[in-house]
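Notes follow the structure.
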Amino acid sequence: MPAAEDVKKCPVCGSTKLIFDPERGEIVCTSCGYVVAQNIIDTGPEWRAFDASQREKRGRVGAPITYTIHDKGLSTMIDWKNKDIHGHELSATTRAQMYRLRKWQRRIRVSDAAERNLAFALSELDRMASQMGLPRNVKEMAAVLYRKAVMEHLIRGRSIEGVTAACLYAACRMAKVPRTLDEIEEVARVDKKEIGRSYRFIARELNLRLPPTSPIDYVNRFADQLGLSERTKSRAIKILQEAIKKGLTSGRGPMGVAAAALYIASVLEGEKRTQREVAEVAHVTEVTVRNRYKELVEKLGIKLNI
DNA sequence: AAGACGAAAGTGGTTGA
DNA sequence: TCAACAACTTTCGTCTT
(Lines give C-alpha, C1' and ligand atoms only; values in the text may rest on other atoms or scores of the structure.)
Protein backbone atom coordinates (compact mmCIF):
# COMPACT_ATOMS: atom_id res chain seq x y z
CA MET A 1 0.00 0.00 0.00
CA PRO A 2 1.51 3.32 -1.03
CA ALA A 3 2.04 6.22 1.30
CA ALA A 4 -0.93 8.54 1.38
CA GLU A 5 0.79 11.59 -0.03
CA ASP A 6 2.10 9.72 -3.07
CA VAL A 7 -1.34 8.95 -4.35
CA LYS A 8 -2.88 11.43 -6.73
CA LYS A 9 -4.70 9.14 -9.08
CA CYS A 10 -6.78 6.00 -8.76
CA PRO A 11 -4.75 3.08 -10.13
CA VAL A 12 -7.91 1.31 -11.23
CA CYS A 13 -9.94 3.85 -13.15
CA GLY A 14 -7.49 6.73 -13.33
CA SER A 15 -9.84 9.20 -11.69
CA THR A 16 -8.25 11.99 -9.71
CA LYS A 17 -11.28 12.43 -7.50
CA LEU A 18 -10.03 10.86 -4.32
CA ILE A 19 -11.51 11.57 -0.94
CA PHE A 20 -10.16 10.95 2.51
CA ASP A 21 -12.50 8.98 4.73
CA PRO A 22 -11.46 9.82 8.28
CA GLU A 23 -13.98 7.32 9.66
CA ARG A 24 -11.99 4.43 8.32
CA GLY A 25 -8.64 6.07 7.75
CA GLU A 26 -8.71 5.33 4.07
CA ILE A 27 -8.39 7.23 0.81
CA VAL A 28 -11.16 6.16 -1.50
CA CYS A 29 -11.72 6.77 -5.21
CA THR A 30 -15.08 8.51 -5.64
CA SER A 31 -15.80 7.04 -9.04
CA CYS A 32 -15.03 3.36 -8.55
CA GLY A 33 -14.81 2.93 -4.80
CA TYR A 34 -11.31 1.49 -4.78
CA VAL A 35 -9.44 1.96 -1.54
CA VAL A 36 -6.33 3.72 -2.73
CA ALA A 37 -4.55 3.93 0.59
CA GLN A 38 -5.34 2.81 4.06
CA ASN A 39 -3.96 2.87 7.54
CA ILE A 40 -3.30 6.52 7.08
CA ILE A 41 -1.76 8.11 10.07
CA ASP A 42 -3.46 11.33 10.95
CA THR A 43 -0.63 13.68 11.80
CA GLY A 44 -2.68 16.83 12.00
CA PRO A 45 -3.96 18.44 15.16
CA GLU A 46 -7.29 17.18 16.40
CA TRP A 47 -8.63 20.70 16.70
CA ARG A 48 -9.46 23.50 14.31
CA ALA A 49 -8.66 27.15 14.82
CA PHE A 50 -10.69 29.90 13.25
CA ASP A 51 -8.49 32.82 14.22
CA ALA A 52 -5.13 33.59 15.71
CA SER A 53 -6.27 33.74 19.33
CA GLN A 54 -7.88 30.33 19.10
CA ARG A 55 -4.73 28.91 17.59
CA GLU A 56 -2.80 30.47 20.43
CA LYS A 57 -5.09 28.84 22.96
CA ARG A 58 -5.39 25.43 21.38
CA GLY A 59 -1.90 24.93 20.11
CA ARG A 60 0.29 22.75 22.20
CA VAL A 61 3.87 23.23 21.27
CA GLY A 62 6.83 20.99 21.58
CA ALA A 63 7.29 17.44 22.67
CA PRO A 64 4.78 15.91 25.03
CA ILE A 65 5.27 16.82 28.64
CA THR A 66 8.40 15.33 30.07
CA TYR A 67 7.33 13.01 32.81
CA THR A 68 10.83 12.37 33.94
CA ILE A 69 11.07 15.74 35.62
CA HIS A 70 8.83 15.52 38.59
CA ASP A 71 6.89 18.62 39.61
CA LYS A 72 8.94 20.81 37.36
CA GLY A 73 8.54 24.44 38.32
CA LEU A 74 6.26 23.55 41.19
CA SER A 75 8.72 22.14 43.58
CA THR A 76 8.67 24.86 46.21
CA MET A 77 7.54 23.21 49.39
CA ILE A 78 6.10 24.93 52.39
CA ASP A 79 8.25 24.14 55.36
CA TRP A 80 6.58 22.14 58.09
CA LYS A 81 8.26 24.20 60.82
CA ASN A 82 6.21 27.03 62.16
CA LYS A 83 9.14 29.45 62.07
CA ASP A 84 9.75 32.42 59.85
CA ILE A 85 13.06 33.02 58.03
CA HIS A 86 14.53 34.63 61.13
CA GLY A 87 13.73 31.62 63.26
CA HIS A 88 10.97 33.35 65.19
CA GLU A 89 7.76 31.64 66.09
CA LEU A 90 4.86 32.53 63.83
CA SER A 91 1.80 34.26 65.14
CA ALA A 92 -1.32 32.19 65.63
CA THR A 93 -3.02 33.60 62.56
CA THR A 94 0.01 33.06 60.32
CA ARG A 95 0.38 29.57 61.67
CA ALA A 96 -3.21 28.81 60.80
CA GLN A 97 -2.64 30.26 57.35
CA MET A 98 0.42 28.08 56.83
CA TYR A 99 -1.54 25.06 57.89
CA ARG A 100 -4.18 25.79 55.28
CA LEU A 101 -1.54 26.39 52.63
CA ARG A 102 0.10 23.04 53.33
CA LYS A 103 -3.22 21.32 53.15
CA TRP A 104 -3.94 22.82 49.74
CA GLN A 105 -0.51 22.03 48.43
CA ARG A 106 -1.06 18.42 49.39
CA ARG A 107 -4.42 18.35 47.67
CA ILE A 108 -3.13 19.97 44.51
CA ARG A 109 -0.28 17.47 44.31
CA VAL A 110 -2.71 14.58 44.41
CA SER A 111 -4.93 15.89 41.68
CA ASP A 112 -1.79 16.68 39.74
CA ALA A 113 -0.76 13.04 39.83
CA ALA A 114 -4.15 11.98 38.56
CA GLU A 115 -3.87 14.51 35.78
CA ARG A 116 -0.44 13.25 34.93
CA ASN A 117 -1.63 9.67 34.74
CA LEU A 118 -4.49 10.68 32.52
CA ALA A 119 -2.19 12.63 30.25
CA PHE A 120 0.14 9.67 30.06
CA ALA A 121 -2.70 7.29 29.24
CA LEU A 122 -4.06 9.57 26.57
CA SER A 123 -0.70 10.04 24.91
CA GLU A 124 -0.20 6.28 25.01
CA LEU A 125 -3.59 5.83 23.38
CA ASP A 126 -2.62 8.33 20.75
CA ARG A 127 0.65 6.57 20.04
CA MET A 128 -0.94 3.15 19.67
CA ALA A 129 -3.82 4.38 17.54
CA SER A 130 -1.49 6.27 15.24
CA GLN A 131 0.84 3.32 14.93
CA MET A 132 -2.06 1.12 13.93
CA GLY A 133 -3.44 3.74 11.57
CA LEU A 134 -6.75 3.87 13.35
CA PRO A 135 -9.15 6.67 12.51
CA ARG A 136 -9.69 9.45 14.96
CA ASN A 137 -13.17 8.56 16.06
CA VAL A 138 -11.85 5.28 17.41
CA LYS A 139 -9.13 7.09 19.26
CA GLU A 140 -11.65 9.45 20.79
CA MET A 141 -13.96 6.62 21.72
CA ALA A 142 -11.10 4.92 23.46
CA ALA A 143 -10.26 8.12 25.33
CA VAL A 144 -13.85 8.44 26.49
CA LEU A 145 -13.78 4.86 27.73
CA TYR A 146 -10.58 5.49 29.60
CA ARG A 147 -11.95 8.59 31.27
CA LYS A 148 -15.00 6.61 32.34
CA ALA A 149 -12.76 3.93 33.73
CA VAL A 150 -10.89 6.55 35.73
CA MET A 151 -14.11 8.00 37.08
CA GLU A 152 -15.33 4.58 38.16
CA HIS A 153 -12.01 3.97 39.90
CA LEU A 154 -11.27 0.94 37.79
CA ILE A 155 -7.60 1.69 37.29
CA ARG A 156 -6.53 0.85 40.82
CA GLY A 157 -4.48 -2.29 40.81
CA ARG A 158 -4.26 -2.44 37.05
CA SER A 159 -1.59 -1.04 34.83
CA ILE A 160 -2.37 2.11 32.92
CA GLU A 161 -0.89 0.50 29.83
CA GLY A 162 -3.14 -2.51 30.12
CA VAL A 163 -6.28 -0.47 30.54
CA THR A 164 -5.46 1.91 27.69
CA ALA A 165 -4.85 -1.02 25.37
CA ALA A 166 -8.10 -2.59 26.51
CA CYS A 167 -9.98 0.65 25.87
CA LEU A 168 -8.55 0.80 22.39
CA TYR A 169 -9.57 -2.78 21.74
CA ALA A 170 -13.09 -2.07 22.94
CA ALA A 171 -13.31 1.14 20.90
CA CYS A 172 -12.29 -0.72 17.76
CA ARG A 173 -15.07 -3.20 18.30
CA MET A 174 -17.61 -0.50 19.03
CA ALA A 175 -16.66 1.29 15.83
CA LYS A 176 -17.02 -1.94 13.85
CA VAL A 177 -13.42 -1.90 12.77
CA PRO A 178 -12.27 -4.75 14.96
CA ARG A 179 -8.63 -5.45 15.57
CA THR A 180 -7.44 -8.64 17.16
CA LEU A 181 -5.76 -8.78 20.52
CA ASP A 182 -2.60 -9.77 18.66
CA GLU A 183 -2.68 -6.61 16.61
CA ILE A 184 -3.15 -4.49 19.71
CA GLU A 185 -0.44 -6.38 21.50
CA GLU A 186 2.06 -5.46 18.80
CA VAL A 187 1.83 -1.77 19.58
CA ALA A 188 1.08 -2.05 23.28
CA ARG A 189 3.74 -2.46 25.88
CA VAL A 190 1.88 -5.17 27.72
CA ASP A 191 1.04 -8.72 26.76
CA LYS A 192 -2.15 -10.11 25.36
CA LYS A 193 -3.23 -11.71 28.59
CA GLU A 194 -3.13 -8.46 30.47
CA ILE A 195 -5.03 -6.64 27.73
CA GLY A 196 -7.69 -9.33 27.65
CA ARG A 197 -8.04 -9.32 31.41
CA SER A 198 -8.37 -5.57 31.54
CA TYR A 199 -10.79 -5.60 28.67
CA ARG A 200 -13.12 -8.11 30.28
CA PHE A 201 -12.96 -6.17 33.50
CA ILE A 202 -13.81 -2.75 32.07
CA ALA A 203 -16.40 -4.22 29.73
CA ARG A 204 -18.16 -5.68 32.72
CA GLU A 205 -17.79 -2.70 35.01
CA LEU A 206 -18.80 -0.13 32.42
CA ASN A 207 -21.64 -2.33 31.17
CA LEU A 208 -20.35 -2.33 27.64
CA ARG A 209 -22.60 -4.67 25.78
CA LEU A 210 -20.50 -5.46 22.80
CA PRO A 211 -21.96 -8.00 20.43
CA PRO A 212 -19.47 -10.63 19.34
CA THR A 213 -17.59 -9.39 16.31
CA SER A 214 -19.17 -10.31 13.03
CA PRO A 215 -17.02 -11.80 10.29
CA ILE A 216 -18.51 -9.17 7.98
CA ASP A 217 -16.65 -6.46 9.85
CA TYR A 218 -13.38 -7.97 8.67
CA VAL A 219 -14.25 -8.36 5.00
CA ASN A 220 -13.38 -4.85 3.90
CA ARG A 221 -9.98 -4.75 5.48
CA PHE A 222 -8.95 -8.23 4.37
CA ALA A 223 -10.26 -7.72 0.85
CA ASP A 224 -8.32 -4.50 0.50
CA GLN A 225 -5.15 -6.15 1.70
CA LEU A 226 -5.68 -8.87 -0.86
CA GLY A 227 -6.43 -6.36 -3.59
CA LEU A 228 -9.85 -7.80 -4.28
CA SER A 229 -12.58 -5.99 -6.19
CA GLU A 230 -15.81 -4.59 -4.83
CA ARG A 231 -17.71 -7.38 -6.56
CA THR A 232 -15.76 -10.01 -4.70
CA LYS A 233 -16.18 -8.10 -1.48
CA SER A 234 -19.94 -8.01 -1.71
CA ARG A 235 -20.00 -11.62 -2.82
CA ALA A 236 -18.13 -12.56 0.32
CA ILE A 237 -20.54 -10.53 2.40
CA LYS A 238 -23.50 -12.31 0.80
CA ILE A 239 -21.93 -15.65 1.60
CA LEU A 240 -21.40 -14.57 5.18
CA GLN A 241 -24.97 -13.36 5.57
CA GLU A 242 -26.18 -16.74 4.41
CA ALA A 243 -23.79 -18.47 6.75
CA ILE A 244 -24.89 -16.37 9.69
CA LYS A 245 -28.52 -17.14 8.94
CA LYS A 246 -27.79 -20.84 9.02
CA GLY A 247 -25.81 -20.54 12.22
CA LEU A 248 -22.56 -21.64 10.67
CA THR A 249 -20.63 -18.86 12.29
CA SER A 250 -21.48 -19.26 15.94
CA GLY A 251 -18.64 -20.56 17.99
CA ARG A 252 -16.25 -20.13 15.09
CA GLY A 253 -13.50 -17.57 15.04
CA PRO A 254 -14.89 -14.69 13.01
CA MET A 255 -11.61 -14.15 11.23
CA GLY A 256 -11.40 -17.70 10.02
CA VAL A 257 -14.94 -17.51 8.68
CA ALA A 258 -14.28 -14.17 7.01
CA ALA A 259 -11.13 -15.58 5.42
CA ALA A 260 -12.99 -18.62 4.12
CA ALA A 261 -15.78 -16.51 2.64
CA LEU A 262 -13.25 -14.30 0.92
CA TYR A 263 -11.44 -17.31 -0.44
CA ILE A 264 -14.65 -18.71 -1.89
CA ALA A 265 -15.66 -15.33 -3.28
CA SER A 266 -12.26 -14.87 -4.88
CA VAL A 267 -12.55 -18.19 -6.65
CA LEU A 268 -16.13 -17.55 -7.73
CA GLU A 269 -15.33 -14.12 -9.10
CA GLY A 270 -12.29 -15.29 -10.96
CA GLU A 271 -9.67 -13.43 -8.97
CA LYS A 272 -8.46 -16.38 -7.03
CA ARG A 273 -6.16 -15.98 -4.09
CA THR A 274 -4.40 -18.95 -2.54
CA GLN A 275 -5.46 -20.25 0.83
CA ARG A 276 -2.06 -19.23 2.03
CA GLU A 277 -2.54 -15.56 1.05
CA VAL A 278 -5.99 -15.37 2.56
CA ALA A 279 -4.86 -17.07 5.73
CA GLU A 280 -2.01 -14.62 6.07
CA VAL A 281 -4.06 -11.41 6.06
CA ALA A 282 -6.62 -12.96 8.39
CA HIS A 283 -3.96 -14.11 10.85
CA VAL A 284 -5.17 -17.69 10.83
CA THR A 285 -3.65 -20.82 9.36
CA GLU A 286 -4.40 -22.38 6.01
CA VAL A 287 -5.89 -25.32 7.82
CA THR A 288 -8.48 -23.13 9.44
CA VAL A 289 -9.34 -21.47 6.16
CA ARG A 290 -9.66 -24.90 4.68
CA ASN A 291 -11.91 -26.27 7.40
CA ARG A 292 -14.18 -23.22 7.35
CA TYR A 293 -14.45 -23.09 3.60
CA LYS A 294 -15.23 -26.81 3.41
CA GLU A 295 -18.07 -26.24 5.84
CA LEU A 296 -19.40 -23.23 3.99
CA VAL A 297 -19.28 -24.89 0.60
CA GLU A 298 -20.98 -27.98 1.91
CA LYS A 299 -23.69 -26.36 4.03
CA LEU A 300 -24.52 -23.58 1.62
CA GLY A 301 -24.43 -25.77 -1.43
CA ILE A 302 -21.91 -23.65 -3.27
CA LYS A 303 -20.45 -25.16 -6.40
CA LEU A 304 -16.82 -24.39 -6.99
CA ASN A 305 -15.52 -25.17 -10.41
CA ILE A 306 -11.82 -25.20 -9.83
C1' DA B 1 7.47 -26.53 -7.77
C1' DA B 2 3.45 -24.76 -5.73
C1' DG B 3 -0.89 -25.33 -4.01
C1' DA B 4 -4.42 -28.04 -1.87
C1' DC B 5 -5.76 -31.64 1.24
C1' DG B 6 -6.25 -34.10 5.60
C1' DA B 7 -4.54 -36.73 9.69
C1' DA B 8 -2.67 -36.39 14.18
C1' DA B 9 -0.75 -34.30 18.04
C1' DG B 10 -0.25 -29.94 20.63
C1' DT B 11 -1.89 -25.36 22.63
C1' DG B 12 -4.46 -21.87 25.32
C1' DG B 13 -8.76 -20.40 27.01
C1' DT B 14 -13.50 -21.33 28.68
C1' DT B 15 -16.75 -23.97 31.47
C1' DG B 16 -18.78 -26.62 34.96
C1' DA B 17 -18.21 -29.49 39.01
C1' DT C 1 -9.09 -25.34 41.79
C1' DC C 2 -9.04 -28.85 38.36
C1' DA C 3 -10.32 -31.60 34.49
C1' DA C 4 -13.01 -31.81 30.24
C1' DC C 5 -13.72 -29.64 26.03
C1' DA C 6 -13.98 -27.20 21.47
C1' DA C 7 -11.59 -24.32 18.38
C1' DC C 8 -7.48 -23.51 16.42
C1' DT C 9 -2.44 -24.36 15.35
C1' DT C 10 1.58 -26.99 14.03
C1' DT C 11 3.57 -30.37 11.51
C1' DC C 12 4.00 -33.44 8.01
C1' DG C 13 3.06 -36.70 4.29
C1' DT C 14 0.32 -37.22 0.03
C1' DC C 15 -2.07 -35.86 -4.01
C1' DT C 16 -2.98 -32.58 -7.93
C1' DT C 17 -1.99 -29.11 -11.30
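Identifiers in the C-alpha coordinates: chain A, B, ... in order shown; residue index from 1 per chain; ligand index from 1 in order shown.
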Against chain A, which residues of chain C fall within 10 Å? For each one I want the closest pair of atoms and the distance in Å (one decimal), counting only C-alpha atoms (C1' of nucleotides), rows by chain and increasing residue number, as a tab-separated table.
residue	atom	partner	partner_atom	distance
C:DA6	C1'	A:Gly251	CA	8.8
C:DA7	C1'	A:Arg252	CA	7.1
C:DC8	C1'	A:Thr288	CA	7.1
C:DT9	C1'	A:Thr285	CA	7.1
C:DT10	C1'	A:Thr285	CA	9.3
>> With only C-alpha atoms (C1' of nucleotides) considered, list every residue of chain A at most 10 Å from chain B, as JSON, numbers by chain.
In response: {"A": [274, 275, 276, 286, 287, 290, 291]}
What does the file look like for those residues with N, CA and C atoms, as an mmCIF file, in the first residue's frame?
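The new file result-v3.cif reads:
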data_model
loop_
_atom_site.group_PDB
_atom_site.id
_atom_site.type_symbol
_atom_site.label_atom_id
_atom_site.label_comp_id
_atom_site.auth_asym_id
_atom_site.auth_seq_id
_atom_site.Cartn_x
_atom_site.Cartn_y
_atom_site.Cartn_z
ATOM 1 N N THR A 274 -4.673 -17.634 -3.148
ATOM 2 C CA THR A 274 -4.404 -18.946 -2.543
ATOM 3 C C THR A 274 -4.860 -18.939 -1.092
ATOM 4 N N GLN A 275 -5.060 -20.124 -0.576
ATOM 5 C CA GLN A 275 -5.460 -20.246 0.832
ATOM 6 C C GLN A 275 -4.396 -19.606 1.724
ATOM 7 N N ARG A 276 -3.195 -19.780 1.288
ATOM 8 C CA ARG A 276 -2.060 -19.229 2.032
ATOM 9 C C ARG A 276 -2.182 -17.703 2.166
ATOM 10 N N GLU A 286 -3.731 -21.839 7.189
ATOM 11 C CA GLU A 286 -4.396 -22.383 6.012
ATOM 12 C C GLU A 286 -5.401 -23.447 6.422
ATOM 13 N N VAL A 287 -5.029 -24.224 7.394
ATOM 14 C CA VAL A 287 -5.892 -25.322 7.822
ATOM 15 C C VAL A 287 -7.254 -24.804 8.247
ATOM 16 N N ARG A 290 -9.203 -23.704 5.366
ATOM 17 C CA ARG A 290 -9.662 -24.902 4.684
ATOM 18 C C ARG A 290 -10.894 -25.489 5.358
ATOM 19 N N ASN A 291 -10.794 -25.680 6.667
ATOM 20 C CA ASN A 291 -11.913 -26.269 7.399
ATOM 21 C C ASN A 291 -13.177 -25.433 7.269
#
>> Taking 6 positions as the minimum chain separation for residues in the same chain, which residues sit within 8 Å of stretch 165-175 of chain A when counting only C-alpha atoms (C1' of nucleotides)? Answer as a list in words.
In response: Leu125, Ala129, Val138, Lys139, Met141, Ala142, Ala143, Leu145, Tyr146, Leu181, Ile184, Glu185, Ala188, Ile195, Gly196, Ser198, Tyr199, Ile202, Ala203, Leu210 and Thr213 of chain A
> Please, what distance in Å, to one decimal, runs between atom CA of A:Leu300 and atom CA of A:Ser234?
Replying inline: 16.6 Å
>> What's the separation between atom CA of A:Lys192 and atom CA of A:Asp126, in Å to one decimal place?
In response: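 Taking atom CA of A:Lys192 as the start and atom CA of A:Asp126 as the end point, the length is 19.0 Å.
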>> To one decimal place in Å, what is the distance between atom CA of A:Ala282 and atom CA of A:Ile160?
In response: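 Computed distance, atom CA of A:Ala282 to atom CA of A:Ile160, equals 29.1 Å.
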>> Based on the backbone DSSP call, show me all residues of stretch 156-280 of chain A assigned helix (DSSP H, G or I), as a ChimeraX atom specification.
In response: /A:160-174,181-187,192-205,216-226,230-245,254-268,275-280
